[in-house]
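Chemist: Compact mmCIF, C-alpha atoms and all ligand atoms, saved as input.txt, coming up:
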```txt
# COMPACT_ATOMS: atom_id res chain seq x y z
CA MET A 1 0.00 0.00 0.00
CA LEU A 2 1.22 3.47 -0.84
CA VAL A 3 -0.20 6.62 0.76
CA VAL A 4 0.51 9.93 -1.00
CA GLY A 5 0.86 13.00 1.22
CA SER A 6 2.41 14.18 4.48
CA GLY A 7 -0.27 15.52 6.85
CA GLY A 8 -2.57 14.31 9.60
CA ARG A 9 -5.06 12.95 7.08
CA GLU A 10 -2.33 10.84 5.51
CA HIS A 11 -1.14 9.68 8.93
CA VAL A 12 -4.61 8.42 9.88
CA LEU A 13 -4.96 6.77 6.45
CA ALA A 14 -1.59 5.06 6.85
CA TRP A 15 -2.35 4.02 10.43
CA ARG A 16 -5.75 2.60 9.46
CA LEU A 17 -4.50 0.86 6.31
CA ALA A 18 -1.60 -0.65 8.25
CA GLN A 19 -4.13 -2.35 10.56
CA ASP A 20 -5.52 -4.27 7.59
CA ALA A 21 -2.20 -4.88 6.00
CA ALA A 22 -1.23 -8.21 7.52
CA SER A 23 0.07 -9.20 4.13
CA HIS A 24 0.99 -5.74 2.93
CA ASN A 25 3.68 -3.27 3.65
CA LEU A 26 2.68 0.31 4.19
CA HIS A 27 4.63 3.01 2.35
CA ALA A 28 4.13 6.76 2.16
CA ALA A 29 5.47 9.49 -0.11
CA PRO A 30 6.72 11.79 1.22
CA GLY A 31 5.21 10.77 4.60
CA ASN A 32 6.05 12.34 7.97
CA PRO A 33 7.65 11.32 11.29
CA GLY A 34 4.33 9.94 12.58
CA ILE A 35 3.76 7.83 9.49
CA ALA A 36 7.31 6.51 9.87
CA SER A 37 6.10 4.61 12.95
CA VAL A 38 3.58 2.59 10.89
CA GLY A 39 5.40 2.27 7.57
CA THR A 40 8.26 3.27 5.33
CA CYS A 41 8.47 6.90 4.22
CA HIS A 42 9.96 8.07 0.94
CA PRO A 43 10.75 11.69 1.84
CA LEU A 44 12.39 12.52 -1.48
CA VAL A 45 9.22 11.80 -3.48
CA SER A 46 6.87 14.75 -3.08
CA ALA A 47 3.08 14.46 -3.30
CA THR A 48 3.03 16.29 -6.63
CA ASP A 49 5.97 14.50 -8.25
CA LEU A 50 3.88 12.40 -10.64
CA PRO A 51 6.78 10.66 -12.42
CA GLY A 52 8.44 9.95 -9.07
CA LEU A 53 5.23 8.53 -7.59
CA THR A 54 4.52 6.39 -10.63
CA SER A 55 7.96 4.86 -10.61
CA LEU A 56 7.84 4.35 -6.83
CA ALA A 57 4.51 2.51 -7.17
CA GLU A 58 5.93 0.38 -9.98
CA GLN A 59 8.98 -0.42 -7.92
CA LEU A 60 6.90 -1.35 -4.83
CA ASP A 61 4.52 -3.36 -7.00
CA GLY A 62 1.87 -2.89 -4.30
CA ASP A 63 -1.87 -3.51 -4.20
CA LEU A 64 -3.17 0.02 -3.91
CA THR A 65 -2.19 3.68 -3.84
CA VAL A 66 -4.35 6.09 -1.82
CA VAL A 67 -4.04 9.83 -2.48
CA GLY A 68 -4.47 12.23 0.44
CA PRO A 69 -4.32 15.80 -0.93
CA GLU A 70 -6.10 17.41 -3.87
CA ALA A 71 -3.09 18.75 -5.76
CA PRO A 72 -1.93 15.42 -7.25
CA LEU A 73 -5.53 14.52 -8.16
CA ALA A 74 -5.99 17.84 -9.94
CA ALA A 75 -2.66 17.25 -11.68
CA GLY A 76 -3.81 13.87 -13.04
CA ILE A 77 -2.08 11.30 -10.82
CA VAL A 78 -4.97 8.85 -11.31
CA ASP A 79 -4.74 9.09 -15.09
CA ALA A 80 -0.97 8.55 -14.93
CA PHE A 81 -1.36 5.48 -12.71
CA ARG A 82 -4.19 4.01 -14.79
CA ALA A 83 -2.12 4.40 -17.94
CA ARG A 84 0.37 2.03 -16.33
CA SER A 85 -2.27 -0.32 -14.89
CA LEU A 86 -1.41 0.69 -11.33
CA ARG A 87 -4.36 0.52 -8.91
CA ILE A 88 -5.12 3.88 -7.31
CA PHE A 89 -8.04 5.18 -5.22
CA GLY A 90 -9.17 8.59 -6.41
CA PRO A 91 -10.88 10.40 -9.27
CA ALA A 92 -9.34 11.03 -12.68
CA GLN A 93 -8.29 14.59 -13.49
CA ASP A 94 -11.49 15.51 -15.32
CA ALA A 95 -13.64 14.20 -12.44
CA ALA A 96 -11.44 15.97 -9.87
CA ARG A 97 -12.69 19.24 -11.37
CA LEU A 98 -15.54 18.95 -8.87
CA GLU A 99 -12.96 20.39 -6.47
CA SER A 100 -10.36 22.00 -8.71
CA SER A 101 -12.92 24.25 -10.42
CA LYS A 102 -15.67 25.67 -8.26
CA ILE A 103 -17.35 26.93 -11.44
CA PHE A 104 -17.39 23.41 -12.90
CA ALA A 105 -19.06 22.14 -9.71
CA LYS A 106 -21.59 24.95 -9.43
CA THR A 107 -22.55 24.75 -13.10
CA LEU A 108 -23.14 21.01 -12.78
CA LEU A 109 -25.29 21.57 -9.69
CA ARG A 110 -27.33 24.26 -11.40
CA ARG A 111 -27.81 22.19 -14.56
CA HIS A 112 -29.16 19.29 -12.53
CA GLY A 113 -31.29 21.36 -10.17
CA ILE A 114 -29.30 20.30 -7.07
CA SER A 115 -29.60 22.62 -4.04
CA THR A 116 -26.76 25.11 -3.75
CA ALA A 117 -26.37 28.84 -3.15
CA ALA A 118 -27.42 31.03 -6.10
CA PHE A 119 -24.35 32.30 -7.96
CA GLU A 120 -22.91 34.25 -10.88
CA VAL A 121 -19.56 33.75 -12.64
CA PHE A 122 -17.29 36.67 -13.58
CA THR A 123 -14.16 36.98 -15.68
CA ASP A 124 -14.21 40.77 -15.80
CA PRO A 125 -13.46 42.66 -12.56
CA VAL A 126 -15.53 45.68 -13.60
CA GLU A 127 -18.62 43.56 -14.15
CA ALA A 128 -18.01 41.75 -10.86
CA LEU A 129 -17.75 45.05 -8.97
CA THR A 130 -20.90 46.40 -10.62
CA TYR A 131 -22.74 43.24 -9.63
CA VAL A 132 -21.53 43.46 -6.01
CA ARG A 133 -22.67 47.08 -5.74
CA ARG A 134 -26.15 46.23 -7.00
CA GLN A 135 -26.72 43.37 -4.58
CA ARG A 136 -28.55 44.06 -1.35
CA ARG A 137 -28.01 40.59 0.13
CA PRO A 138 -24.90 39.20 1.86
CA LEU A 139 -22.38 37.68 -0.55
CA VAL A 140 -19.56 35.19 -0.68
CA VAL A 141 -16.70 35.72 -3.16
CA LYS A 142 -14.70 32.69 -4.32
CA ALA A 143 -11.70 32.22 -6.59
CA ASP A 144 -12.48 29.51 -9.15
CA GLY A 145 -9.35 27.39 -8.81
CA LEU A 146 -7.48 25.72 -5.97
CA ALA A 147 -6.20 28.16 -3.35
CA ALA A 148 -5.01 25.82 -0.59
CA GLY A 149 -8.20 26.18 1.43
CA LYS A 150 -8.15 29.96 1.08
CA GLY A 151 -9.73 31.92 -1.75
CA VAL A 152 -13.18 32.17 -0.13
CA VAL A 153 -14.37 35.41 1.42
CA VAL A 154 -17.62 35.39 3.39
CA ALA A 155 -18.25 39.12 3.17
CA SER A 156 -20.01 40.99 5.93
CA ASP A 157 -20.81 43.96 3.66
CA ALA A 158 -20.47 45.19 0.09
CA ARG A 159 -17.11 46.86 0.81
CA GLU A 160 -15.59 43.59 1.92
CA ALA A 161 -16.99 41.82 -1.14
CA GLU A 162 -15.54 44.54 -3.39
CA GLN A 163 -12.17 44.17 -1.68
CA ALA A 164 -12.27 40.42 -2.28
CA VAL A 165 -13.00 40.95 -5.99
CA LEU A 166 -10.07 43.34 -6.24
CA ASP A 167 -7.73 40.98 -4.36
CA MET A 168 -8.64 37.99 -6.51
CA MET A 169 -9.11 39.55 -9.95
CA VAL A 170 -6.82 42.57 -9.95
CA ARG A 171 -4.12 41.96 -7.34
CA ASN A 172 -4.08 38.23 -8.22
CA VAL A 173 -3.35 37.14 -4.65
CA TYR A 174 -4.30 33.56 -5.61
CA GLY A 175 -2.55 33.72 -8.98
CA THR A 176 -4.51 32.36 -11.91
CA SER A 177 -7.02 30.71 -9.51
CA GLY A 178 -8.64 34.17 -9.33
CA ASP A 179 -8.94 34.76 -13.09
CA ARG A 180 -12.54 33.69 -12.78
CA VAL A 181 -14.55 34.31 -9.63
CA LEU A 182 -17.86 33.10 -8.33
CA ILE A 183 -20.11 35.41 -6.39
CA GLU A 184 -22.63 33.52 -4.32
CA GLU A 185 -25.56 34.24 -2.11
CA ARG A 186 -24.55 33.78 1.52
CA LEU A 187 -26.35 30.87 3.20
CA GLU A 188 -26.96 30.51 6.93
CA GLY A 189 -26.96 27.38 9.00
CA PRO A 190 -24.78 24.72 10.60
CA GLU A 191 -22.30 22.88 8.38
CA VAL A 192 -21.75 19.16 7.97
CA SER A 193 -19.25 17.17 5.95
CA VAL A 194 -20.66 14.06 4.28
CA LEU A 195 -18.05 11.91 2.57
CA ALA A 196 -18.90 8.91 0.43
CA PHE A 197 -17.11 6.26 -1.56
CA VAL A 198 -18.30 6.69 -5.13
CA SER A 199 -18.11 4.20 -7.96
CA GLY A 200 -19.79 5.54 -11.07
CA ARG A 201 -23.46 6.03 -10.17
CA ARG A 202 -23.19 4.22 -6.84
CA VAL A 203 -22.67 6.14 -3.60
CA PHE A 204 -21.68 4.62 -0.25
CA PRO A 205 -21.75 7.25 2.51
CA LEU A 206 -19.29 7.30 5.43
CA LEU A 207 -20.23 8.59 8.89
CA PRO A 208 -21.11 12.31 8.74
CA ALA A 209 -18.55 14.58 10.39
CA GLN A 210 -18.33 18.15 11.56
CA ASP A 211 -15.29 20.31 11.01
CA TYR A 212 -14.49 23.35 13.18
CA LYS A 213 -13.12 25.76 10.59
CA ARG A 214 -12.70 28.94 12.59
CA ALA A 215 -9.46 29.54 14.49
CA LEU A 216 -11.01 30.51 17.84
CA ASP A 217 -13.51 29.18 20.36
CA GLY A 218 -17.15 29.91 19.67
CA ASN A 219 -16.51 29.82 15.91
CA ARG A 220 -14.77 33.17 15.95
CA GLY A 221 -11.63 34.31 14.16
CA PRO A 222 -10.40 33.57 10.67
CA ASN A 223 -11.12 30.42 8.66
CA THR A 224 -8.45 27.72 8.87
CA GLY A 225 -7.95 24.31 7.29
CA GLY A 226 -9.81 22.94 10.32
CA MET A 227 -9.05 23.20 14.06
CA GLY A 228 -10.90 20.06 15.05
CA ALA A 229 -13.64 17.66 14.10
CA ILE A 230 -16.21 15.30 15.54
CA ALA A 231 -18.00 12.24 14.21
CA PRO A 232 -20.71 11.31 13.91
CA ALA A 233 -22.07 14.80 13.34
CA ARG A 234 -25.56 15.40 14.67
CA VAL A 235 -27.36 15.49 11.39
CA SER A 236 -30.89 14.11 11.27
CA LEU A 237 -31.53 10.89 9.39
CA ALA A 238 -33.98 12.77 7.17
CA ASP A 239 -31.33 15.34 6.24
CA LEU A 240 -28.78 12.60 5.68
CA ALA A 241 -31.14 10.69 3.41
CA GLN A 242 -31.83 13.87 1.48
CA ILE A 243 -28.10 14.53 1.12
CA VAL A 244 -27.54 11.07 -0.35
CA ASP A 245 -30.69 10.86 -2.52
CA GLU A 246 -30.93 14.44 -3.72
CA ILE A 247 -27.30 15.55 -3.79
CA LEU A 248 -24.64 12.81 -3.85
CA GLU A 249 -26.41 10.29 -6.08
CA PRO A 250 -27.57 12.84 -8.67
CA VAL A 251 -24.04 14.31 -8.78
CA ALA A 252 -22.49 10.85 -9.28
CA SER A 253 -24.97 10.10 -12.06
CA ALA A 254 -24.41 13.48 -13.68
CA MET A 255 -20.68 12.80 -13.76
CA VAL A 256 -21.30 9.48 -15.54
CA ASP A 257 -23.77 11.05 -17.99
CA ASP A 258 -21.35 13.88 -18.75
CA GLY A 259 -18.64 11.39 -19.64
CA HIS A 260 -16.35 11.69 -16.60
CA PRO A 261 -17.43 9.08 -14.06
CA TYR A 262 -16.19 9.64 -10.52
CA THR A 263 -14.27 7.02 -8.55
CA GLY A 264 -12.87 7.46 -5.06
CA VAL A 265 -14.00 9.41 -2.04
CA LEU A 266 -16.22 12.42 -2.65
CA TYR A 267 -16.54 15.00 0.10
CA ALA A 268 -19.63 17.20 0.16
CA GLY A 269 -19.44 20.29 2.37
CA LEU A 270 -23.03 21.16 3.17
CA MET A 271 -24.99 23.76 5.05
CA ILE A 272 -28.26 22.72 6.68
CA THR A 273 -30.37 25.77 5.89
CA ALA A 274 -34.00 26.52 6.68
CA ASP A 275 -34.72 25.19 3.17
CA GLY A 276 -32.84 21.95 3.81
CA PRO A 277 -29.28 20.83 2.99
CA GLN A 278 -27.43 22.85 0.36
CA VAL A 279 -24.02 22.21 -1.20
CA ILE A 280 -21.23 24.60 -0.19
CA GLU A 281 -18.41 22.79 -1.97
CA PHE A 282 -17.05 19.47 -3.09
CA ASN A 283 -13.64 18.02 -2.38
CA CYS A 284 -12.30 15.04 -4.29
CA ARG A 285 -10.44 13.56 -1.31
CA PHE A 286 -10.81 12.85 2.40
CA GLY A 287 -11.33 15.85 4.68
CA ASP A 288 -8.57 16.96 7.02
CA PRO A 289 -9.31 16.69 10.00
CA GLU A 290 -12.56 14.84 9.18
CA ALA A 291 -10.62 11.68 8.22
CA GLN A 292 -9.02 11.69 11.68
CA VAL A 293 -12.46 11.16 13.32
CA ILE A 294 -14.15 9.04 10.63
CA LEU A 295 -11.48 6.41 10.04
CA PRO A 296 -10.91 5.40 13.70
CA LEU A 297 -14.63 4.50 13.83
CA LEU A 298 -14.50 2.30 10.72
CA GLU A 299 -14.61 -1.41 11.45
CA GLY A 300 -13.51 -4.02 8.96
CA ASN A 301 -10.96 -3.66 6.21
CA LEU A 302 -10.41 -0.20 4.72
CA ALA A 303 -8.11 -1.36 1.93
CA GLU A 304 -10.62 -3.98 0.88
CA ALA A 305 -13.45 -1.41 0.94
CA MET A 306 -11.43 0.85 -1.34
CA ILE A 307 -10.56 -1.97 -3.72
CA ALA A 308 -14.23 -3.07 -3.82
CA THR A 309 -15.25 0.49 -4.71
CA LEU A 310 -12.66 0.59 -7.49
CA GLU A 311 -13.94 -2.71 -8.87
CA GLY A 312 -17.58 -1.62 -8.80
CA ARG A 313 -18.53 -3.89 -5.89
CA ALA A 314 -20.33 -2.60 -2.77
CA PRO A 315 -17.71 -1.84 -0.09
CA GLU A 316 -18.34 -3.22 3.37
CA LEU A 317 -18.50 -0.14 5.59
CA ARG A 318 -19.29 -1.03 9.21
CA TRP A 319 -19.09 1.53 11.98
CA SER A 320 -18.40 1.46 15.67
CA ASP A 321 -21.16 2.94 17.86
CA ASP A 322 -18.53 5.19 19.45
CA ALA A 323 -18.02 8.89 18.88
CA ALA A 324 -14.70 10.51 18.01
CA ALA A 325 -13.27 13.97 18.61
CA CYS A 326 -10.11 15.44 17.12
CA VAL A 327 -8.35 18.50 18.52
CA VAL A 328 -5.72 20.21 16.39
CA ALA A 329 -2.62 21.63 18.07
CA ALA A 330 -1.51 24.49 15.82
CA SER A 331 1.49 26.80 15.66
CA GLY A 332 1.13 30.22 17.28
CA GLY A 333 -0.05 32.66 14.60
CA TYR A 334 -1.77 30.07 12.39
CA PRO A 335 -3.61 30.60 10.00
CA GLY A 336 -1.35 33.64 9.55
CA ALA A 337 2.45 33.56 9.68
CA TYR A 338 4.06 31.18 12.19
CA LYS A 339 7.49 29.90 13.17
CA THR A 340 8.65 26.34 12.54
CA GLY A 341 11.43 24.19 13.98
CA ILE A 342 10.11 24.48 17.54
CA PRO A 343 10.75 21.40 19.73
CA ILE A 344 7.63 19.34 20.58
CA ARG A 345 7.46 17.62 23.95
CA GLY A 346 5.28 15.05 25.64
CA ILE A 347 3.80 13.02 22.77
CA GLU A 348 5.14 9.79 24.27
CA ARG A 349 3.20 10.51 27.48
CA VAL A 350 -0.22 10.74 25.77
CA PRO A 351 -2.21 7.96 27.44
CA ALA A 352 -3.73 5.21 25.26
CA PRO A 353 -6.25 4.84 23.77
CA ALA A 354 -5.99 8.50 22.67
CA LEU A 355 -4.37 8.71 19.24
CA VAL A 356 -1.85 11.27 18.02
CA PHE A 357 -1.53 11.97 14.30
CA HIS A 358 1.27 14.14 12.92
CA ALA A 359 0.09 16.97 10.69
CA GLY A 360 3.12 19.25 10.43
CA THR A 361 6.18 17.81 12.13
CA ALA A 362 9.78 17.04 11.24
CA THR A 363 12.75 15.44 12.94
CA ARG A 364 15.84 17.58 13.46
CA ASP A 365 18.92 16.10 15.15
CA GLY A 366 16.73 13.38 16.60
CA GLN A 367 14.27 15.90 18.07
CA LEU A 368 10.66 16.19 16.91
CA VAL A 369 9.96 19.79 15.84
CA THR A 370 7.08 21.76 14.35
CA ALA A 371 7.02 22.04 10.57
CA GLY A 372 3.60 23.44 9.67
CA GLY A 373 0.58 25.47 10.76
CA ARG A 374 -1.38 22.49 11.97
CA VAL A 375 1.14 20.43 13.91
CA LEU A 376 -0.59 17.54 15.69
CA ASN A 377 -4.06 15.99 15.84
CA VAL A 378 -5.11 14.36 19.10
CA VAL A 379 -8.07 12.03 18.70
CA GLY A 380 -10.24 10.53 21.42
CA THR A 381 -12.93 7.90 20.98
CA GLY A 382 -15.56 6.67 23.41
CA PRO A 383 -19.18 5.69 23.92
CA THR A 384 -20.28 9.34 24.02
CA LEU A 385 -18.94 12.50 22.47
CA GLU A 386 -18.19 13.73 25.99
CA ASP A 387 -15.96 10.69 26.57
CA ALA A 388 -14.23 11.20 23.24
CA ARG A 389 -13.69 14.87 23.95
CA ALA A 390 -12.33 14.23 27.45
CA GLN A 391 -9.89 11.67 26.08
CA ALA A 392 -8.68 13.98 23.30
CA TYR A 393 -8.14 16.94 25.65
CA GLY A 394 -6.55 14.64 28.25
CA GLY A 395 -4.07 13.53 25.60
CA LEU A 396 -3.44 17.06 24.43
CA SER A 397 -2.65 18.22 27.96
CA THR A 398 0.58 16.22 28.01
CA ILE A 399 1.85 17.84 24.78
CA SER A 400 3.57 21.19 24.60
CA PHE A 401 5.51 23.38 22.23
CA GLU A 402 6.19 27.09 22.32
CA GLY A 403 3.23 29.03 20.93
CA MET A 404 0.92 25.99 20.75
CA GLN A 405 -2.69 27.02 20.21
CA PHE A 406 -5.88 24.96 20.10
CA ARG A 407 -9.61 25.35 20.51
CA THR A 408 -11.10 24.32 23.82
CA ASP A 409 -14.64 23.73 22.55
CA ILE A 410 -14.29 20.85 20.10
CA GLY A 411 -17.26 18.57 20.77
CA ALA A 412 -18.32 20.75 23.70
CA ALA A 413 -21.73 20.78 25.39
CA VAL A 414 -23.45 22.35 22.42
CA PRO A 415 -21.91 20.05 19.90
CA GLY A 416 -22.88 18.83 16.53
CA ILE A 417 -24.50 20.71 13.80
CA VAL A 418 -27.96 21.00 15.25
CA ARG A 419 -27.36 23.66 17.82
CA GLU A 420 -23.94 25.04 17.00
CA ARG A 421 -24.56 27.60 14.32
CA ALA A 422 -21.60 28.56 12.22
CA SER A 423 -21.04 32.20 13.07
CA VAL A 424 -20.21 33.69 9.73
CA SER A 425 -19.04 37.22 10.35
P1 LIG B 1 -15.34 26.51 0.79
O1 LIG B 1 -13.85 26.58 0.60
O2 LIG B 1 -16.13 26.69 -0.46
O3 LIG B 1 -15.75 25.33 1.62
O4 LIG B 1 -15.71 27.74 1.75
C1 LIG B 1 -15.08 27.86 3.01
C2 LIG B 1 -16.11 28.22 4.05
O5 LIG B 1 -16.77 29.44 3.69
C3 LIG B 1 -17.23 27.21 4.17
O6 LIG B 1 -16.91 26.14 5.01
C4 LIG B 1 -18.34 28.06 4.75
O7 LIG B 1 -18.17 28.22 6.14
C5 LIG B 1 -18.12 29.38 4.08
N1 LIG B 1 -18.99 29.50 2.89
C6 LIG B 1 -18.69 29.15 1.62
N2 LIG B 1 -19.73 29.39 0.79
C7 LIG B 1 -20.71 29.92 1.55
C8 LIG B 1 -22.03 30.40 1.27
N3 LIG B 1 -22.56 30.39 0.05
N4 LIG B 1 -22.75 30.87 2.31
C9 LIG B 1 -22.24 30.91 3.57
N5 LIG B 1 -21.00 30.49 3.88
C10 LIG B 1 -20.24 29.99 2.90
N1 LIG B 2 -11.57 20.17 6.63
C1 LIG B 2 -11.86 20.75 5.38
C2 LIG B 2 -11.24 20.09 4.24
O1 LIG B 2 -10.62 19.06 4.33
O2 LIG B 2 -11.38 20.60 3.13
```
Show me this structure written as structure tokens.
Ligand code: AMP
Ligand code: GLY
Modeler:
Amino acid sequence: MLVVGSGGREHVLAWRLAQDAASHNLHAAPGNPGIASVGTCHPLVSATDLPGLTSLAEQLDGDLTVVGPEAPLAAGIVDAFRARSLRIFGPAQDAARLESSKIFAKTLLRRHGISTAAFEVFTDPVEALTYVRRQRRPLVVKADGLAAGKGVVVASDAREAEQAVLDMMVRNVYGTSGDRVLIEERLEGPEVSVLAFVSGRRVFPLLPAQDYKRALDGNRGPNTGGMGAIAPARVSLADLAQIVDEILEPVASAMVDDGHPYTGVLYAGLMITADGPQVIEFNCRFGDPEAQVILPLLEGNLAEAMIATLEGRAPELRWSDDAAACVVAASGGYPGAYKTGIPIRGIERVPAPALVFHAGTATRDGQLVTAGGRVLNVVGTGPTLEDARAQAYGGLSTISFEGMQFRTDIGAAVPGIVRERASVS
């Protein structure tokens, strides 16, 4: 098995795949110091080095490659592997446009009448500014292409929306990703992440999860890649059924009908509005940190479930009745500028069964140091969310590094998506 990537999502994938891999060896490219404890890392092969990854997979002659991040998928890693008959879990480049082009995704949703925020597409900054000035309702401005989790501005007023248009289309702060922008109506409601294994028209949902995107407690502060997550999210069965029947399945079928069938894991970011679930975005990969709470609750064989999906068979997805909570320990300053190379202490004292996944770490002279914005993910599991949360925070309390910041309300008393309303400011 080969896992592509180097963050917490890839660590939990590697850890979970290694459990099933009695007869396999687990490899990762480039991997990280945490992954090195469950498999062999190939630090010189980066996650976007397609020729390097293809030749590594050929050399390993393994059963399956699993791709963590979006960049290699958008760059066509699946097409490159398929051309050499190497088995890989993920969508082809044209199907990965569901994430790599927000306009592609929104246009598909509109064409098929699938619930999503109303939107307009602009290639001309003057027209975009004119549109913003005419709107009386709250807006969200998005760069079309990949922007590493940034490139979305939830504007509190017209001035902020105008500034976002100027940043993206004139100042090009996201490079060519901002050549085309989407301007959307701003929706209100709690968010939920529903991921599913998709094989052509068939959709097999995983446990719903909730991501905590804002940097600070109470859903305040700037958006981040995710400061924590819980699973299962408190989404009603009726909403979940609607998400599968009226969103995920029609999207999977539309992709087949349009000539680019989707294979792999599809992540729908949704908002549960007064009018029901609406699509915020799609990702063509596992969520980070959603994977860190979903995968520890999966029973059975993950590798086999992925291979079944690839072969068009129904994967066996069985779930523990437990809940899981993940708390992210981030570098001081994140999501803005932060220092790296800071020594990390206390991981070895985290009491089992809490889990620690490495998100941004490195080893320097034998010492574990910080190497990213999100540094570590501490995951607790237990019969209730309260148990899971207590275990995660108990584990976190033994860890320290200078400047370490984390949210204290992951999975807290008003958890889940039912009562915790995303405070979009
Ligand atoms: P995205 O990268 O598209 O997931 O957007 C990042 C975050 O911005 C989402 O998780 C939401 O919190 C927020 N967001 C995006 N689109 C909208 C929208 N139309 N209405 C309200 N909030 C949104
Ligand atoms: N946690 C959000 C994402 O993975 O895109």
Chemist: Starting from 5 Å padding per side, set up an axis-aligned box that covers all listed atoms of ligand LIG 1 (chain B) and hand over centre and edge lengths in Å, one decimal, as lines of an AutoDock Vina configuration file.
Modeler:
```
center_x = -18.3
center_y = 28.1
center_z = 2.8
size_x = 18.9
size_y = 15.6
size_z = 16.6
```
Chemist: Distance CA of Arg349 (chain A)-CA of Tyr393 (chain A), one decimal place?
Modeler: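 Separating CA of Arg349 (chain A) from CA of Tyr393 (chain A) is a distance of 13.2 Å.
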Chemist: Hey, could you make a per-residue contact list for region 90-155 of chain A against region 275-290 of chain A with 8 Å as the cut-off, showing the nearest pair of atoms and its distance in Å to one decimal, counting all atoms listed in the file, sorted by chain and number, as a tab-separated table?
Modeler:
```
residue	atom	partner	partner_atom	distance
A:Gly90	CA	A:Arg285	CA	7.2
A:Pro91	CA	A:Cys284	CA	7.0
A:Ala96	CA	A:Cys284	CA	5.7
A:Leu98	CA	A:Phe282	CA	6.0
A:Glu99	CA	A:Asn283	CA	4.8
A:Lys102	CA	A:Glu281	CA	7.4
A:Ala105	CA	A:Phe282	CA	7.4
A:Ser115	CA	A:Gln278	CA	4.9
A:Thr116	CA	A:Val279	CA	4.7
A:Ala117	CA	A:Gln278	CA	7.0
```
Chemist: Skipping near chain neighbours, those fewer than 2 positions away, what residues fall within 10 Å of Ala392 (chain A) using all atoms listed in the file, listed as a VMD selection string?
Modeler: chain A and resid 324 to 328 350 to 351 353 to 356 377 to 381 386 to 390 394 to 397 410
Chemist: Nearest to Glu185 (chain A): which of A:Val154, A:Leu129, A:Ile294, A:Ala95 is it, counting only C-alpha atoms?
Modeler: A:Val154
Chemist: Around (2.8, 31.3, 12.5) in the file's own coordinates, what residues are found within 12 Å if you use all atoms listed in the file, given back as a list in words?
Modeler: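 The distance filter leaves exactly Ala330, Ser331, Gly332, Gly333, Tyr334, Pro335, Gly336, Ala337, Tyr338, Lys339, Thr340, Gly341, Ile342, Thr370, Ala371, Gly372, Gly373, Arg374, Val375, Glu402, Gly403, Met404 and Gln405 of chain A.
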Chemist: Could you turn the residues from that selection into a file that holds C-alpha atoms, as a short mmCIF file (atom, residue, chain, number, x, y, z; two decimals), in the coordinates of the input?
Modeler:
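Writing the result to again37.cif gives the following:
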```
data_model
loop_
_atom_site.label_atom_id
_atom_site.label_comp_id
_atom_site.auth_asym_id
_atom_site.auth_seq_id
_atom_site.Cartn_x
_atom_site.Cartn_y
_atom_site.Cartn_z
CA ALA A 330 -1.51 24.49 15.82
CA SER A 331 1.49 26.80 15.66
CA GLY A 332 1.13 30.22 17.28
CA GLY A 333 -0.05 32.66 14.60
CA TYR A 334 -1.77 30.07 12.39
CA PRO A 335 -3.61 30.60 10.00
CA GLY A 336 -1.35 33.64 9.55
CA ALA A 337 2.45 33.56 9.68
CA TYR A 338 4.06 31.18 12.19
CA LYS A 339 7.49 29.90 13.17
CA THR A 340 8.65 26.34 12.54
CA GLY A 341 11.43 24.19 13.98
CA ILE A 342 10.11 24.48 17.54
CA THR A 370 7.08 21.76 14.35
CA ALA A 371 7.02 22.04 10.57
CA GLY A 372 3.60 23.44 9.67
CA GLY A 373 0.58 25.47 10.76
CA ARG A 374 -1.38 22.49 11.97
CA VAL A 375 1.14 20.43 13.91
CA GLU A 402 6.19 27.09 22.32
CA GLY A 403 3.23 29.03 20.93
CA MET A 404 0.92 25.99 20.75
CA GLN A 405 -2.69 27.02 20.21
#
```
Chemist: Could you please extract the residues within 12 Å of ligand LIG 2 (chain B), counting all atoms listed in the file, and hand them back as an MDAnalysis selection string?
Modeler: chainID A and resid 7:10 68:70 99:100 146:150 191:195 209:214 223:230 266:270 280:293 326 328 374
Chemist: One decimal, Å: what's the distance from CA of Gln19 (chain A) over to CA of Pro208 (chain A), could you say?
Modeler: 22.5 Å
Chemist: Please work out which residues fall within 10 Å of (-4.6, 20.4, -11.3), coordinates as given in the file, with only C-alpha atoms counting, and return them as a tab-separated table (two decimals) with C-alpha atoms, in the coordinates of the input.
Modeler:
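Writing the result to part-v7.tsv gives the following:
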```tsv
chain	number	residue	atom	x	y	z
A	48	THR	CA	3.03	16.29	-6.63
A	70	GLU	CA	-6.10	17.41	-3.87
A	71	ALA	CA	-3.09	18.75	-5.76
A	72	PRO	CA	-1.93	15.42	-7.25
A	73	LEU	CA	-5.53	14.52	-8.16
A	74	ALA	CA	-5.99	17.84	-9.94
A	75	ALA	CA	-2.66	17.25	-11.68
A	76	GLY	CA	-3.81	13.87	-13.04
A	77	ILE	CA	-2.08	11.30	-10.82
A	93	GLN	CA	-8.29	14.59	-13.49
A	94	ASP	CA	-11.49	15.51	-15.32
A	96	ALA	CA	-11.44	15.97	-9.87
A	97	ARG	CA	-12.69	19.24	-11.37
A	99	GLU	CA	-12.96	20.39	-6.47
A	100	SER	CA	-10.36	22.00	-8.71
A	101	SER	CA	-12.92	24.25	-10.42
A	145	GLY	CA	-9.35	27.39	-8.81
A	146	LEU	CA	-7.48	25.72	-5.97
```
Chemist: Measure the distance from CA of Asp144 (chain A) to CA of Ile103 (chain A) in Å and round it to one decimal.
Modeler: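 Separating CA of Asp144 (chain A) from CA of Ile103 (chain A) is a distance of 6.0 Å.
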Chemist: What lies within 12 Å of Leu26 (chain A) using all atoms listed in the file, ignoring chain neighbours under 4 positions off, as JSON, numbers by chain?
Modeler: {"A": [1, 2, 3, 4, 10, 11, 13, 14, 15, 16, 17, 18, 19, 20, 21, 22, 31, 35, 36, 37, 38, 39, 40, 41, 42, 57, 60, 61, 62, 63, 64, 65, 66, 303]}
